[in-house]
Amino acid sequence: MNEKLKQKTTFIVLFMFISILAIIPLFYTDEPPAQAVSTSVDLSEEINEFIENEPILDGALAGISIRSADHGKLLYEHNGEIRMQPASILKMFTAAASLSVLGEDYRFTTEVLTTGKIAGGTLSGDLYLKGKGDPTLLPADFAEIAKKLKNKGISKIDGDIITDDSWYDDVRYSEDLSWNDEHQYYGAQISALTASPNLDYDAGTVIVSISPGKKGKAAKISLEPDTDFVTVVNETKTIEPKGKQDIQIKREHGTNAIVVKGSIPADSQLVREWVAVWNPAQYAGTLFKKALEDQGIEIVGKIKNGKAADAMPVLIFHKSIPLADLMIPFMKLSNNGHAEVLVKEIGKAVHGDGSWDKGIEGMLDELESIGVDTSKIILRDGSGLSHANLVPANEITKILYEVQGEEWFPVFKNSLPVAGAKDRMVGGTMRNRLKEEAKFVTVQAKTGSLTGVSTLAGYVEKPGGETLIFTIMLNNLLDDRDGRNVEDQIVRILSRQ
């Protein structure tokens with residue numbers, strides 16, 4: 001073989017070898033558990049290196065999913081198909097389902113009914129207060145209703161005030177609520193008739209305010225609203241200035257006795273705690289009775305629970321704020337009560353049954369129609385409070401992508417907390433997080449936390465207009481508060497990409 005032929009043969013062999021090397025990756029299908037699916041190598045390497053070397057994640061489980069907001073394709077996932085506890089980011093499922101089923105203009109109704117006759121200023125018969133799920137009823141609303149009754153010429157009610165909460169079933173707590181949580185504002189009883197103390201709309205609660213008394217004496221305690229529906233047992237003591245504040249508040253099970261004990265320094269600031277009441281329908285009835293009496297209307301009878309007949313005439317009705325407006329305190333402040341009311345209202349709207357079972361059934365059907373693979377998830381409530389809720393990270397980023405095409409999406413997105421925004425009703429639970437990053441990127445995301453669980457999911461919008469959808473789920477943490485640092489660091493990585 002001459003020299004030229006040898007060179008030609010060598011060239012052909014080399015060319016074929018290089019070509020084979022080039023096509024080998026096309027047949028390689030064994031994917032690593034954490035990878036960048038279609039983005040820069042830097043994103044994959046940076047997140048992988050971070051989670052592999054983060055001591056907070058030792059012994060914990062992390063589920064991460066990142067998608068493009070433009071085309072929905074997965075850009076990165078780590079345990080993205082593993083079902084994990086979502087905590088309060090589950091509320092995004094509840095928000096989406098309720099907006100889809102009920103509509104952003106939906107309003108809850110409260111009715112005042114009677115079969116009694118009005119003559120000479122006296123209503124002869126019982127007056128019914130029928131709730132239909134409104135979690136935003138305030139003392140001011142009861143005052144408005146009472147004023148309208150006064151304007152109808154009623155100055156005396158010769159009968160009882162009947163509170164009707166039959167719009168929903170009589171199950172007051174979701175399936176997995178701990179008894180330790182039932183006096184907490186986030187564990188308040190769910191009722192079709194209830195009341196809130198202020199514009200945070202923590203339905204079924206009273207605000208207990210504690211301020212120092214004289215040194216050696218009991219603290220001063222007041223309630224908002226001012227009501228005798230609950231009884232305060234004051235076992236506090238005012239101690240020397242600069243002393244250690246140690247106040248515990250608990251409502252005794254099955255009663256409305258709120259026990260406040262412990263010490264408060266003489267120079268302490270006001271302490272405020274929201275406490276859930278027992279029997280929220282009667283609580284609402286008490287506030288309604290007081291509003292009637294403030295209008296000079298005499299009540300002969302008592303407050304009782306009952307049910308209005310279907311054909312009973314409506315004297316007055318009150319409409320709540322639209323669902324679009326309720327989404328703000330619900331999502332920004334992560335209100336558990338709102339979530340569970342919406343679940344029951346979905347059940348009522350879809351199946352005519354205001355229960356958790358039918359509400360969750362309606363939610364799952366609606367989520368599936370939006371694009372969620374409901375065969376992969378387990379829902380036990382609407383708030384995420386249950387440790388038995390299980391959702392894969394990829395299904396959360398999927399719904400965050402799919403809802404962008406819904407007409408109510410602007411309401412949904414606007415309800416998400418905005419990182420670094422000082423206003424509570426804008427920044428919500430993200431107002432003190434990612435403050436530096438908020439100067440050049442917009443992060444709108446729902447937070448979640450339970451014992452041993454920390455989660456974050458939402459959108460990162462970068463200056464050039466590119467938006468990434470992300471979900472970070474951390475389970476089995478030694479301290480769920482540490483999880484926020486991990487989540488924020490991953491969002492920082494996304495912000496730089």
# chains A, B, ... in the order shown; residues from 1 in each chain; ligands from 1
$ select_by_dssp --residues "region 44-118 of chain A" --states "strand (DSSP E or B)" --output "MDAnalysis selection string"
chainID A and resid 61:68 74:78 83:84 109:113 117:118
$ select_by_dssp --residues "region 291-408 of chain A" --states "helix (DSSP H, G or I)" --output "JSON list (two decimals) with C-alpha atoms, in the first residue's frame"
[["chain", "number", "residue", "atom", "x", "y", "z"],
["A", 291, "ALA", "CA", -76.03, 44.63, 67.06],
["A", 292, "LEU", "CA", -79.83, 44.44, 67.29],
["A", 293, "GLU", "CA", -79.79, 45.68, 70.88],
["A", 294, "ASP", "CA", -77.46, 48.53, 69.91],
["A", 323, "LEU", "CA", -63.89, 35.81, 45.68],
["A", 324, "ALA", "CA", -61.24, 37.79, 43.79],
["A", 325, "ASP", "CA", -60.86, 40.06, 46.84],
["A", 326, "LEU", "CA", -60.99, 37.16, 49.31],
["A", 327, "MET", "CA", -58.03, 35.61, 47.47],
["A", 328, "ILE", "CA", -55.77, 38.34, 48.89],
["A", 329, "PRO", "CA", -56.01, 37.54, 52.63],
["A", 330, "PHE", "CA", -56.49, 33.85, 51.82],
["A", 331, "MET", "CA", -53.24, 33.45, 49.88],
["A", 332, "LYS", "CA", -51.10, 36.34, 51.10],
["A", 336, "ASN", "CA", -56.44, 27.87, 56.59],
["A", 337, "GLY", "CA", -60.07, 28.66, 57.36],
["A", 338, "HIS", "CA", -60.63, 30.24, 53.96],
["A", 339, "ALA", "CA", -59.19, 27.16, 52.26],
["A", 340, "GLU", "CA", -61.52, 24.76, 54.06],
["A", 341, "VAL", "CA", -64.59, 26.96, 53.50],
["A", 342, "LEU", "CA", -63.78, 26.99, 49.78],
["A", 343, "VAL", "CA", -63.49, 23.20, 49.75],
["A", 344, "LYS", "CA", -66.95, 22.87, 51.30],
["A", 345, "GLU", "CA", -68.37, 25.52, 48.98],
["A", 346, "ILE", "CA", -67.03, 23.59, 45.97],
["A", 347, "GLY", "CA", -68.77, 20.49, 47.36],
["A", 348, "LYS", "CA", -72.00, 22.47, 47.72],
["A", 349, "ALA", "CA", -71.74, 23.95, 44.22],
["A", 350, "VAL", "CA", -70.79, 20.74, 42.41],
["A", 351, "HIS", "CA", -72.52, 18.02, 44.43],
["A", 356, "TRP", "CA", -64.93, 17.79, 52.92],
["A", 357, "ASP", "CA", -65.48, 14.51, 51.07],
["A", 358, "LYS", "CA", -67.60, 16.02, 48.31],
["A", 359, "GLY", "CA", -65.56, 19.21, 48.24],
["A", 360, "ILE", "CA", -62.30, 17.35, 47.70],
["A", 361, "GLU", "CA", -64.00, 15.18, 45.09],
["A", 362, "GLY", "CA", -65.07, 18.32, 43.26],
["A", 363, "MET", "CA", -61.59, 19.80, 43.62],
["A", 364, "LEU", "CA", -59.91, 16.73, 42.14],
["A", 365, "ASP", "CA", -62.26, 16.71, 39.16],
["A", 366, "GLU", "CA", -61.59, 20.39, 38.49],
["A", 367, "LEU", "CA", -57.83, 20.04, 38.92],
["A", 368, "GLU", "CA", -57.83, 17.18, 36.43],
["A", 369, "SER", "CA", -59.67, 19.34, 33.92],
["A", 370, "ILE", "CA", -57.01, 22.03, 34.36],
["A", 374, "THR", "CA", -54.79, 13.52, 40.05],
["A", 375, "SER", "CA", -53.82, 9.85, 40.13],
["A", 376, "LYS", "CA", -50.49, 11.01, 41.56],
["A", 393, "ALA", "CA", -43.28, 18.72, 42.85],
["A", 394, "ASN", "CA", -43.79, 18.23, 39.09],
["A", 395, "GLU", "CA", -47.58, 18.35, 39.49],
["A", 396, "ILE", "CA", -47.34, 21.69, 41.29],
["A", 397, "THR", "CA", -45.21, 23.29, 38.56],
["A", 398, "LYS", "CA", -47.59, 21.75, 36.03],
["A", 399, "ILE", "CA", -50.65, 23.50, 37.46],
["A", 400, "LEU", "CA", -48.70, 26.76, 37.77],
["A", 401, "TYR", "CA", -48.01, 26.48, 34.05],
["A", 402, "GLU", "CA", -51.52, 25.43, 33.03],
["A", 403, "VAL", "CA", -53.40, 28.14, 34.96],
["A", 404, "GLN", "CA", -51.66, 30.83, 32.90],
["A", 405, "GLY", "CA", -54.22, 30.16, 30.18]]
$ closest_residue --among "A:Gln269, A:Ser320, A:Asn234, A:Ser191" --to "Ser211 (chain A)" --atoms "only C-alpha atoms"
A:Gln269
$ atom_distance --atom1 "CA of Lys319 (chain A)" --atom2 "CA of Lys130 (chain A)"
12.4 Å
